[in-house]
$ cat input15.cif   # mmCIF, C-alpha atoms and all ligand atoms
data_model
#
loop_
_atom_site.group_PDB
_atom_site.id
_atom_site.type_symbol
_atom_site.label_atom_id
_atom_site.label_comp_id
_atom_site.auth_asym_id
_atom_site.auth_seq_id
_atom_site.Cartn_x
_atom_site.Cartn_y
_atom_site.Cartn_z
ATOM 1 C CA MET A 1100 61.259 69.425 -78.789
ATOM 2 C CA ARG A 1101 59.317 66.972 -80.940
ATOM 3 C CA VAL A 1102 58.859 63.242 -80.567
ATOM 4 C CA LYS A 1103 59.676 61.289 -83.709
ATOM 5 C CA LYS A 1104 60.420 57.812 -82.439
ATOM 6 C CA ALA A 1105 60.409 55.808 -79.256
ATOM 7 C CA GLU A 1106 61.582 52.329 -78.372
ATOM 8 C CA PHE A 1107 61.596 50.024 -75.374
ATOM 9 C CA LYS A 1108 65.050 49.772 -73.893
ATOM 10 C CA GLY A 1109 64.633 47.350 -70.985
ATOM 11 C CA SER A 1110 63.212 46.440 -67.572
ATOM 12 C CA TYR A 1111 65.307 46.606 -64.442
ATOM 13 C CA VAL A 1112 64.850 45.452 -60.878
ATOM 14 C CA ASP A 1113 67.772 47.185 -59.221
ATOM 15 C CA ILE A 1114 69.589 50.482 -59.532
ATOM 16 C CA GLU A 1115 72.945 48.883 -60.262
ATOM 17 C CA SER A 1116 71.776 47.395 -63.557
ATOM 18 C CA LEU A 1117 70.228 50.578 -65.026
ATOM 19 C CA PRO A 1118 71.576 51.717 -68.434
ATOM 20 C CA ALA A 1119 74.896 53.509 -68.116
ATOM 21 C CA SER A 1120 74.555 55.589 -71.275
ATOM 22 C CA GLY A 1121 74.380 58.878 -69.359
ATOM 23 C CA LEU A 1122 71.518 60.219 -71.493
ATOM 24 C CA PRO A 1123 69.086 62.524 -69.658
ATOM 25 C CA GLU A 1124 66.157 60.808 -67.956
ATOM 26 C CA ILE A 1125 62.618 61.910 -67.086
ATOM 27 C CA ALA A 1126 60.788 59.669 -64.615
ATOM 28 C CA LEU A 1127 57.074 59.080 -64.159
ATOM 29 C CA ALA A 1128 55.736 58.933 -60.627
ATOM 30 C CA GLY A 1129 52.178 58.334 -59.563
ATOM 31 C CA ARG A 1130 49.923 55.912 -57.841
ATOM 32 C CA SER A 1131 49.199 52.549 -59.305
ATOM 33 C CA ASN A 1132 46.623 52.566 -62.145
ATOM 34 C CA VAL A 1133 46.678 56.366 -62.513
ATOM 35 C CA GLY A 1134 47.768 56.084 -66.156
ATOM 36 C CA LYS A 1135 51.565 56.387 -66.269
ATOM 37 C CA SER A 1136 52.141 53.682 -68.862
ATOM 38 C CA SER A 1137 49.252 55.001 -70.984
ATOM 39 C CA LEU A 1138 50.866 58.433 -70.915
ATOM 40 C CA ILE A 1139 54.054 56.921 -72.324
ATOM 41 C CA ASN A 1140 52.109 55.366 -75.194
ATOM 42 C CA CYS A 1141 50.396 58.694 -75.834
ATOM 43 C CA LEU A 1142 53.703 60.576 -75.962
ATOM 44 C CA ALA A 1143 55.186 57.911 -78.215
ATOM 45 C CA ASN A 1144 52.104 57.778 -80.446
ATOM 46 C CA ARG A 1145 52.162 54.017 -80.006
ATOM 47 C CA ARG A 1146 49.414 51.797 -78.738
ATOM 48 C CA ASN A 1147 51.364 49.075 -76.964
ATOM 49 C CA LEU A 1148 54.861 50.343 -76.343
ATOM 50 C CA ALA A 1149 54.245 50.317 -72.578
ATOM 51 C CA LEU A 1150 51.993 47.624 -71.154
ATOM 52 C CA THR A 1151 48.846 48.983 -69.538
ATOM 53 C CA SER A 1152 46.102 47.303 -67.565
ATOM 54 C CA SER A 1153 42.836 48.084 -65.850
ATOM 55 C CA THR A 1154 44.220 46.091 -62.908
ATOM 56 C CA PRO A 1155 46.569 48.130 -60.705
ATOM 57 C CA GLY A 1156 50.127 46.947 -60.216
ATOM 58 C CA LYS A 1157 50.902 46.247 -63.864
ATOM 59 C CA THR A 1158 54.304 47.916 -63.931
ATOM 60 C CA ARG A 1159 56.509 46.221 -61.351
ATOM 61 C CA THR A 1160 59.946 47.035 -62.642
ATOM 62 C CA ILE A 1161 61.771 50.186 -63.723
ATOM 63 C CA ASN A 1162 61.128 50.363 -67.463
ATOM 64 C CA TYR A 1163 63.182 52.472 -69.830
ATOM 65 C CA TYR A 1164 61.904 53.965 -73.084
ATOM 66 C CA LEU A 1165 64.361 55.676 -75.393
ATOM 67 C CA PHE A 1166 62.965 58.722 -77.197
ATOM 68 C CA ASP A 1167 64.629 59.982 -80.382
ATOM 69 C CA ASP A 1168 67.939 58.404 -79.345
ATOM 70 C CA ALA A 1169 68.299 61.414 -77.054
ATOM 71 C CA TRP A 1170 66.543 60.899 -73.723
ATOM 72 C CA PHE A 1171 64.853 58.235 -71.633
ATOM 73 C CA LEU A 1172 61.348 58.234 -70.241
ATOM 74 C CA VAL A 1173 61.429 56.024 -67.152
ATOM 75 C CA ASP A 1174 58.285 54.213 -66.003
ATOM 76 C CA LEU A 1175 58.403 53.503 -62.265
ATOM 77 C CA PRO A 1176 56.175 51.045 -60.399
ATOM 78 C CA GLY A 1177 53.063 52.802 -59.126
ATOM 79 C CA TYR A 1178 52.837 53.550 -55.426
ATOM 80 C CA GLY A 1179 50.028 52.744 -53.047
ATOM 81 C CA TYR A 1180 49.129 49.400 -54.565
ATOM 82 C CA ALA A 1181 47.551 47.388 -51.773
ATOM 83 C CA LYS A 1182 47.524 43.904 -53.229
ATOM 84 C CA VAL A 1183 51.219 43.185 -53.112
ATOM 85 C CA SER A 1184 52.932 42.097 -49.933
ATOM 86 C CA GLN A 1185 54.189 44.631 -47.428
ATOM 87 C CA ALA A 1186 57.733 43.438 -48.147
ATOM 88 C CA GLU A 1187 57.347 43.986 -51.885
ATOM 89 C CA ARG A 1188 55.855 47.450 -51.365
ATOM 90 C CA LYS A 1189 58.739 48.355 -49.103
ATOM 91 C CA ARG A 1190 61.171 47.149 -51.759
ATOM 92 C CA TRP A 1191 59.453 49.269 -54.439
ATOM 93 C CA SER A 1192 59.420 52.412 -52.342
ATOM 94 C CA LEU A 1193 63.100 52.007 -51.446
ATOM 95 C CA LEU A 1194 63.889 51.396 -55.114
ATOM 96 C CA ILE A 1195 61.947 54.486 -56.221
ATOM 97 C CA GLU A 1196 63.454 56.648 -53.498
ATOM 98 C CA LYS A 1197 66.972 55.493 -54.279
ATOM 99 C CA TYR A 1198 66.442 56.100 -57.995
ATOM 100 C CA LEU A 1199 65.014 59.604 -57.493
ATOM 101 C CA LYS A 1200 67.674 60.584 -54.987
ATOM 102 C CA GLU A 1201 70.778 59.159 -56.574
ATOM 103 C CA ARG A 1202 70.286 59.058 -60.318
ATOM 104 C CA ARG A 1203 72.578 61.720 -61.696
ATOM 105 C CA GLN A 1204 71.008 61.608 -65.190
ATOM 106 C CA LEU A 1205 67.555 62.394 -63.785
ATOM 107 C CA LYS A 1206 66.497 65.766 -65.158
ATOM 108 C CA GLY A 1207 62.963 65.848 -63.876
ATOM 109 C CA VAL A 1208 59.853 63.991 -62.804
ATOM 110 C CA VAL A 1209 56.402 63.912 -64.327
ATOM 111 C CA GLN A 1210 54.102 63.418 -61.355
ATOM 112 C CA VAL A 1211 50.823 61.944 -62.527
ATOM 113 C CA VAL A 1212 47.548 62.367 -60.627
ATOM 114 C CA ASP A 1213 43.929 61.632 -61.523
ATOM 115 C CA ILE A 1214 41.986 64.780 -62.457
ATOM 116 C CA ARG A 1215 38.809 63.319 -60.930
ATOM 117 C CA HIS A 1216 40.091 62.825 -57.399
ATOM 118 C CA HIS A 1217 41.678 64.610 -54.492
ATOM 119 C CA PRO A 1218 45.371 63.805 -54.403
ATOM 120 C CA THR A 1219 46.057 60.885 -52.036
ATOM 121 C CA GLU A 1220 48.283 61.190 -48.969
ATOM 122 C CA THR A 1221 51.030 59.485 -50.946
ATOM 123 C CA ASP A 1222 50.608 62.004 -53.804
ATOM 124 C CA LYS A 1223 51.068 64.769 -51.239
ATOM 125 C CA LEU A 1224 54.104 63.083 -49.721
ATOM 126 C CA MET A 1225 55.632 62.570 -53.160
ATOM 127 C CA SER A 1226 54.992 66.202 -54.009
ATOM 128 C CA GLU A 1227 56.635 67.425 -50.802
ATOM 129 C CA TRP A 1228 59.496 65.021 -51.192
ATOM 130 C CA LEU A 1229 60.260 66.182 -54.764
ATOM 131 C CA GLY A 1230 60.107 69.794 -53.596
ATOM 132 C CA TYR A 1231 62.392 69.102 -50.655
ATOM 133 C CA HIS A 1232 64.959 67.373 -52.868
ATOM 134 C CA GLN A 1233 64.602 70.172 -55.426
ATOM 135 C CA ILE A 1234 63.888 67.801 -58.281
ATOM 136 C CA PRO A 1235 62.316 69.653 -61.247
ATOM 137 C CA ARG A 1236 58.816 68.400 -61.757
ATOM 138 C CA THR A 1237 55.733 68.729 -63.933
ATOM 139 C CA VAL A 1238 52.412 67.669 -62.437
ATOM 140 C CA VAL A 1239 49.973 66.125 -64.889
ATOM 141 C CA ALA A 1240 46.273 65.606 -64.117
ATOM 142 C CA THR A 1241 45.289 62.749 -66.403
ATOM 143 C CA LYS A 1242 42.053 61.027 -67.501
ATOM 144 C CA ALA A 1243 40.568 64.455 -68.342
ATOM 145 C CA ASP A 1244 38.285 62.716 -70.874
ATOM 146 C CA LYS A 1245 36.464 61.086 -67.966
ATOM 147 C CA ILE A 1246 34.952 64.362 -66.710
ATOM 148 C CA ALA A 1247 33.132 67.196 -68.461
ATOM 149 C CA ARG A 1248 35.278 69.977 -69.866
ATOM 150 C CA GLY A 1249 33.395 72.448 -67.683
ATOM 151 C CA LYS A 1250 34.774 70.760 -64.568
ATOM 152 C CA TRP A 1251 38.430 70.842 -65.574
ATOM 153 C CA LYS A 1252 39.240 74.233 -64.123
ATOM 154 C CA THR A 1253 37.879 73.596 -60.624
ATOM 155 C CA GLN A 1254 39.510 70.172 -60.438
ATOM 156 C CA LEU A 1255 42.872 71.570 -61.547
ATOM 157 C CA ALA A 1256 42.612 74.381 -58.990
ATOM 158 C CA ALA A 1257 41.804 71.892 -56.199
ATOM 159 C CA ILE A 1258 44.796 69.715 -57.090
ATOM 160 C CA GLN A 1259 47.025 72.795 -57.270
ATOM 161 C CA ARG A 1260 45.904 73.859 -53.805
ATOM 162 C CA GLU A 1261 46.186 70.444 -52.218
ATOM 163 C CA LEU A 1262 49.639 69.743 -53.632
ATOM 164 C CA ARG A 1263 50.673 73.353 -52.946
ATOM 165 C CA LEU A 1264 51.854 73.979 -56.490
ATOM 166 C CA SER A 1265 52.761 77.390 -57.836
ATOM 167 C CA ASP A 1266 50.856 76.643 -61.073
ATOM 168 C CA PRO A 1267 47.865 74.457 -61.895
ATOM 169 C CA PRO A 1268 48.720 70.942 -63.107
ATOM 170 C CA LEU A 1269 48.721 70.206 -66.799
ATOM 171 C CA CYS A 1270 45.357 68.932 -68.015
ATOM 172 C CA PHE A 1271 45.920 65.633 -69.838
ATOM 173 C CA SER A 1272 44.242 62.662 -71.463
ATOM 174 C CA SER A 1273 46.044 59.704 -72.959
ATOM 175 C CA LEU A 1274 42.824 58.766 -74.712
ATOM 176 C CA THR A 1275 42.242 62.043 -76.579
ATOM 177 C CA GLY A 1276 45.779 63.470 -76.573
ATOM 178 C CA GLU A 1277 44.613 66.535 -74.635
ATOM 179 C CA GLY A 1278 47.690 68.282 -73.208
ATOM 180 C CA ARG A 1279 50.151 66.135 -75.133
ATOM 181 C CA ASP A 1280 51.897 69.022 -76.905
ATOM 182 C CA GLU A 1281 52.204 70.959 -73.660
ATOM 183 C CA LEU A 1282 53.687 67.956 -71.897
ATOM 184 C CA VAL A 1283 56.217 67.402 -74.687
ATOM 185 C CA ARG A 1284 57.205 71.055 -74.306
ATOM 186 C CA ALA A 1285 57.494 70.778 -70.503
ATOM 187 C CA ILE A 1286 59.623 67.642 -70.811
ATOM 188 C CA GLY A 1287 61.782 69.373 -73.419
ATOM 189 C CA GLU A 1288 62.460 72.160 -70.936
ATOM 190 C CA MET A 1289 63.423 69.716 -68.185
ATOM 191 C CA VAL A 1290 65.634 67.679 -70.535
ATOM 192 C CA GLY A 1291 67.175 70.830 -71.934
ATOM 193 C CA ILE A 1292 66.553 70.117 -75.629
HETATM 194 P P1 LIG O 1 50.566 50.700 -62.848
HETATM 195 O O1 LIG O 1 51.459 50.146 -63.894
HETATM 196 O O2 LIG O 1 49.740 49.684 -62.158
HETATM 197 O O3 LIG O 1 51.293 51.592 -61.883
HETATM 198 O O4 LIG O 1 49.452 51.629 -63.578
HETATM 199 P P2 LIG O 1 49.688 52.821 -64.610
HETATM 200 O O5 LIG O 1 49.790 54.103 -63.864
HETATM 201 O O6 LIG O 1 50.792 52.518 -65.554
HETATM 202 O O7 LIG O 1 48.274 52.856 -65.377
HETATM 203 P P3 LIG O 1 47.922 52.369 -66.873
HETATM 204 O O8 LIG O 1 48.555 53.265 -67.870
HETATM 205 O O9 LIG O 1 48.180 50.910 -66.983
HETATM 206 O O10 LIG O 1 46.352 52.694 -66.919
HETATM 207 C C1 LIG O 1 45.436 52.154 -65.994
HETATM 208 C C2 LIG O 1 44.036 52.112 -66.602
HETATM 209 O O11 LIG O 1 43.570 53.447 -66.845
HETATM 210 C C3 LIG O 1 43.975 51.418 -67.963
HETATM 211 O O12 LIG O 1 42.766 50.706 -68.036
HETATM 212 C C4 LIG O 1 43.995 52.563 -68.968
HETATM 213 O O13 LIG O 1 43.361 52.251 -70.189
HETATM 214 C C5 LIG O 1 43.238 53.640 -68.217
HETATM 215 N N1 LIG O 1 43.664 55.003 -68.604
HETATM 216 C C6 LIG O 1 44.896 55.522 -68.497
HETATM 217 N N2 LIG O 1 44.951 56.801 -68.924
HETATM 218 C C7 LIG O 1 43.699 57.104 -69.337
HETATM 219 C C8 LIG O 1 43.080 58.286 -69.892
HETATM 220 O O14 LIG O 1 43.711 59.345 -70.095
HETATM 221 N N3 LIG O 1 41.738 58.212 -70.164
HETATM 222 C C9 LIG O 1 41.012 57.088 -69.940
HETATM 223 N N4 LIG O 1 39.714 57.117 -70.233
HETATM 224 N N5 LIG O 1 41.555 55.964 -69.433
HETATM 225 C C10 LIG O 1 42.874 55.961 -69.128
HETATM 226 MG MG MG O 2 52.151 51.014 -65.591
#
$ encode --input "input15.cif" --output "structure tokens" --more "lines below"
Ligand code: GTP
Ligand code: MG
Amino acid sequence: MRVKKAEFKGSYVDIESLPASGLPEIALAGRSNVGKSSLINCLANRRNLALTSSTPGKTRTINYYLFDDAWFLVDLPGYGYAKVSQAERKRWSLLIEKYLKERRQLKGVVQVVDIRHHPTETDKLMSEWLGYHQIPRTVVATKADKIARGKWKTQLAAIQRELRLSDPPLCFSSLTGEGRDELVRAIGEMVGI
């Protein structure tokens, strides 16, 4: 698979209004501020297709990006963001859970973690949950440019162990494009094109 073009399709606040096109979907899951929206821009080779921010909680709706008229990359609100109300957080987590559980077009999830840190409890829960529901998944350790190359391997091994993965996560940086080709390939396999 190659990425030639990408466009914003829309923002949605409930499952019922999601696009009904039936095209395959790949969703991005990860804690707030980890770099999900930046990863979309990196894959799309566009600077501002998805809105990013140094302040967590930027993406608050389910955002759809259409790639090559063939599949959607779906940006979900980040989890674990403390500054929104308990009620709003509850609404997000129910929305995310419902989407991941019920969306028939969903072909896989890209779970995004920060290469510099131990996975959070919520990362672990998400990982277990995806495994339990047998949702195909690629784990990406992003912001690799923020640590020395020499540290990549140990960090990836630690994340693999803590999330109990059969393979190390994919080493990625939205800033440098490290791992981009591999991620496109992994997504292609999940989408089936
Ligand atoms: P929410 O929408 O709040 O869930 O956050 P998000 O996961 O979409 O994160 P976003 O892409 O907005 O990035 C958060 C911050 O991290 C921004 O300041 C980005 O510029 C920065 N960032 C994201 N990815 C990378 C990366 O690979 N390298 C570096 N150096 N910075 C990154
Ligand atoms: Mg975002």
$ residues_around --input "input15.cif" --residues "Leu1224 (chain A)" --least-positions-apart "5" --cutoff "9 Å" --atoms "all atoms listed in the file" --output "list of chain:residue names"
A:Thr1219, A:Leu1229, A:Leu1262
$ residues_near_ligand --input "input15.cif" --ligand "ligand LIG 1 (chain O)" --cutoff "6 Å" --atoms "only C-alpha atoms and all ligand atoms" --output "ChimeraX atom specification"
/A:1131-1137,1151-1153,1155-1158,1176-1177,1241-1242,1244-1245,1272-1274
$ atom_distance --input "input15.cif" --atom1 "CA of Phe1271 (chain A)" --atom2 "CA of Lys1206 (chain A)"
21.1 Å
$ closest_residue --input "input15.cif" --among "A:Leu1172, A:Ala1128, A:Val1211, A:Leu1150" --to "Ile1195 (chain A)" --atoms "only C-alpha atoms"
A:Ala1128
$ atom_distance --input "input15.cif" --atom1 "CA of Leu1282 (chain A)" --atom2 "CA of Ala1149 (chain A)"
17.7 Å
$ atom_distance --input "input15.cif" --atom1 "CA of Ala1256 (chain A)" --atom2 "CA of His1217 (chain A)"
10.8 Å
$ resolve_selection --input "input15.cif" --expression "the PyMOL selection byres (((chain A and resi 1209) around 7) and not hetatm)" --output "PDB file with C-alpha atoms, in the coordinates of the input"
ATOM      1  CA  ALA A1126      60.788  59.669 -64.615  1.00  0.00           C
ATOM      2  CA  LEU A1127      57.074  59.080 -64.159  1.00  0.00           C
ATOM      3  CA  ALA A1128      55.736  58.933 -60.627  1.00  0.00           C
ATOM      4  CA  GLY A1207      62.963  65.848 -63.876  1.00  0.00           C
ATOM      5  CA  VAL A1208      59.853  63.991 -62.804  1.00  0.00           C
ATOM      6  CA  GLN A1210      54.102  63.418 -61.355  1.00  0.00           C
ATOM      7  CA  VAL A1211      50.823  61.944 -62.527  1.00  0.00           C
ATOM      8  CA  ARG A1236      58.816  68.400 -61.757  1.00  0.00           C
ATOM      9  CA  THR A1237      55.733  68.729 -63.933  1.00  0.00           C
ATOM     10  CA  VAL A1238      52.412  67.669 -62.437  1.00  0.00           C
ATOM     11  CA  VAL A1239      49.973  66.125 -64.889  1.00  0.00           C
TER      12      VAL A1239
END
$ resolve_selection --input "input15.cif" --expression "the PyMOL selection byres (((chain A and resi 1111) around 7) and not hetatm)" --output "short mmCIF file (atom, residue, chain, number, x, y, z; two decimals) with C-alpha atoms, keeping the file's coordinate frame"
data_model
loop_
_atom_site.label_atom_id
_atom_site.label_comp_id
_atom_site.auth_asym_id
_atom_site.auth_seq_id
_atom_site.Cartn_x
_atom_site.Cartn_y
_atom_site.Cartn_z
CA GLY A 1109 64.63 47.35 -70.98
CA SER A 1110 63.21 46.44 -67.57
CA VAL A 1112 64.85 45.45 -60.88
CA ASP A 1113 67.77 47.18 -59.22
CA SER A 1116 71.78 47.40 -63.56
CA LEU A 1117 70.23 50.58 -65.03
CA THR A 1160 59.95 47.04 -62.64
CA ILE A 1161 61.77 50.19 -63.72
CA ASN A 1162 61.13 50.36 -67.46
#
$ residues_near_point --input "input15.cif" --point "(44.7, 65.9, -57.5)" --cutoff "6 Å" --atoms "only C-alpha atoms" --output "PDB file with C-alpha atoms, keeping the file's coordinate frame"
ATOM      1  CA  VAL A1212      47.548  62.367 -60.627  1.00  0.00           C
ATOM      2  CA  ASP A1213      43.929  61.632 -61.523  1.00  0.00           C
ATOM      3  CA  ILE A1214      41.986  64.780 -62.457  1.00  0.00           C
ATOM      4  CA  HIS A1216      40.091  62.825 -57.399  1.00  0.00           C
ATOM      5  CA  HIS A1217      41.678  64.610 -54.492  1.00  0.00           C
ATOM      6  CA  PRO A1218      45.371  63.805 -54.403  1.00  0.00           C
ATOM      7  CA  ILE A1258      44.796  69.715 -57.090  1.00  0.00           C
TER       8      ILE A1258
END
$ build_atoms --input "input15.cif" --residues "region 1132-1156 of chain A" --atoms "N, CA and C atoms" --output "compact mmCIF listing (two decimals), in the coordinates of the input"
# COMPACT_ATOMS: atom_id res chain seq x y z
N ASN A 1132 47.85 52.48 -61.33
CA ASN A 1132 46.62 52.57 -62.14
C ASN A 1132 46.23 54.00 -62.54
N VAL A 1133 47.06 54.99 -62.21
CA VAL A 1133 46.68 56.37 -62.51
C VAL A 1133 46.79 56.67 -64.01
N GLY A 1134 47.64 55.88 -64.70
CA GLY A 1134 47.77 56.08 -66.16
C GLY A 1134 49.16 56.47 -66.63
N LYS A 1135 50.18 56.06 -65.89
CA LYS A 1135 51.56 56.39 -66.27
C LYS A 1135 51.98 55.72 -67.58
N SER A 1136 51.72 54.41 -67.66
CA SER A 1136 52.14 53.68 -68.86
C SER A 1136 51.34 54.16 -70.08
N SER A 1137 50.07 54.47 -69.88
CA SER A 1137 49.25 55.00 -70.98
C SER A 1137 49.80 56.33 -71.48
N LEU A 1138 50.29 57.13 -70.55
CA LEU A 1138 50.87 58.43 -70.92
C LEU A 1138 52.11 58.24 -71.80
N ILE A 1139 52.88 57.23 -71.49
CA ILE A 1139 54.05 56.92 -72.32
C ILE A 1139 53.61 56.58 -73.75
N ASN A 1140 52.61 55.73 -73.86
CA ASN A 1140 52.11 55.37 -75.19
C ASN A 1140 51.59 56.58 -75.95
N CYS A 1141 50.93 57.47 -75.22
CA CYS A 1141 50.40 58.69 -75.83
C CYS A 1141 51.54 59.57 -76.35
N LEU A 1142 52.56 59.75 -75.53
CA LEU A 1142 53.70 60.58 -75.96
C LEU A 1142 54.40 59.95 -77.16
N ALA A 1143 54.47 58.63 -77.15
CA ALA A 1143 55.19 57.91 -78.22
C ALA A 1143 54.33 57.72 -79.46
N ASN A 1144 53.04 58.06 -79.36
CA ASN A 1144 52.10 57.78 -80.45
C ASN A 1144 52.08 56.30 -80.81
N ARG A 1145 52.18 55.46 -79.79
CA ARG A 1145 52.16 54.02 -80.01
C ARG A 1145 51.14 53.41 -79.06
N ARG A 1146 50.48 52.37 -79.54
CA ARG A 1146 49.41 51.80 -78.74
C ARG A 1146 49.93 50.90 -77.61
N ASN A 1147 50.94 50.09 -77.93
CA ASN A 1147 51.36 49.08 -76.96
C ASN A 1147 52.85 49.10 -76.64
N LEU A 1148 53.44 50.25 -76.70
CA LEU A 1148 54.86 50.34 -76.34
C LEU A 1148 55.04 49.99 -74.86
N ALA A 1149 54.25 50.64 -74.01
CA ALA A 1149 54.24 50.32 -72.58
C ALA A 1149 53.00 49.50 -72.29
N LEU A 1150 53.14 48.46 -71.47
CA LEU A 1150 51.99 47.62 -71.15
C LEU A 1150 51.10 48.31 -70.13
N THR A 1151 49.80 48.35 -70.45
CA THR A 1151 48.85 48.98 -69.54
C THR A 1151 47.82 47.94 -69.10
N SER A 1152 47.11 48.24 -68.04
CA SER A 1152 46.10 47.30 -67.56
C SER A 1152 45.09 48.01 -66.70
N SER A 1153 43.86 47.52 -66.73
CA SER A 1153 42.84 48.08 -65.85
C SER A 1153 43.04 47.58 -64.42
N THR A 1154 43.90 46.57 -64.26
CA THR A 1154 44.22 46.09 -62.91
C THR A 1154 45.47 46.80 -62.41
N PRO A 1155 45.39 47.43 -61.22
CA PRO A 1155 46.57 48.13 -60.70
C PRO A 1155 47.76 47.18 -60.49
N GLY A 1156 48.94 47.75 -60.49
CA GLY A 1156 50.13 46.95 -60.22
C GLY A 1156 50.71 46.30 -61.44
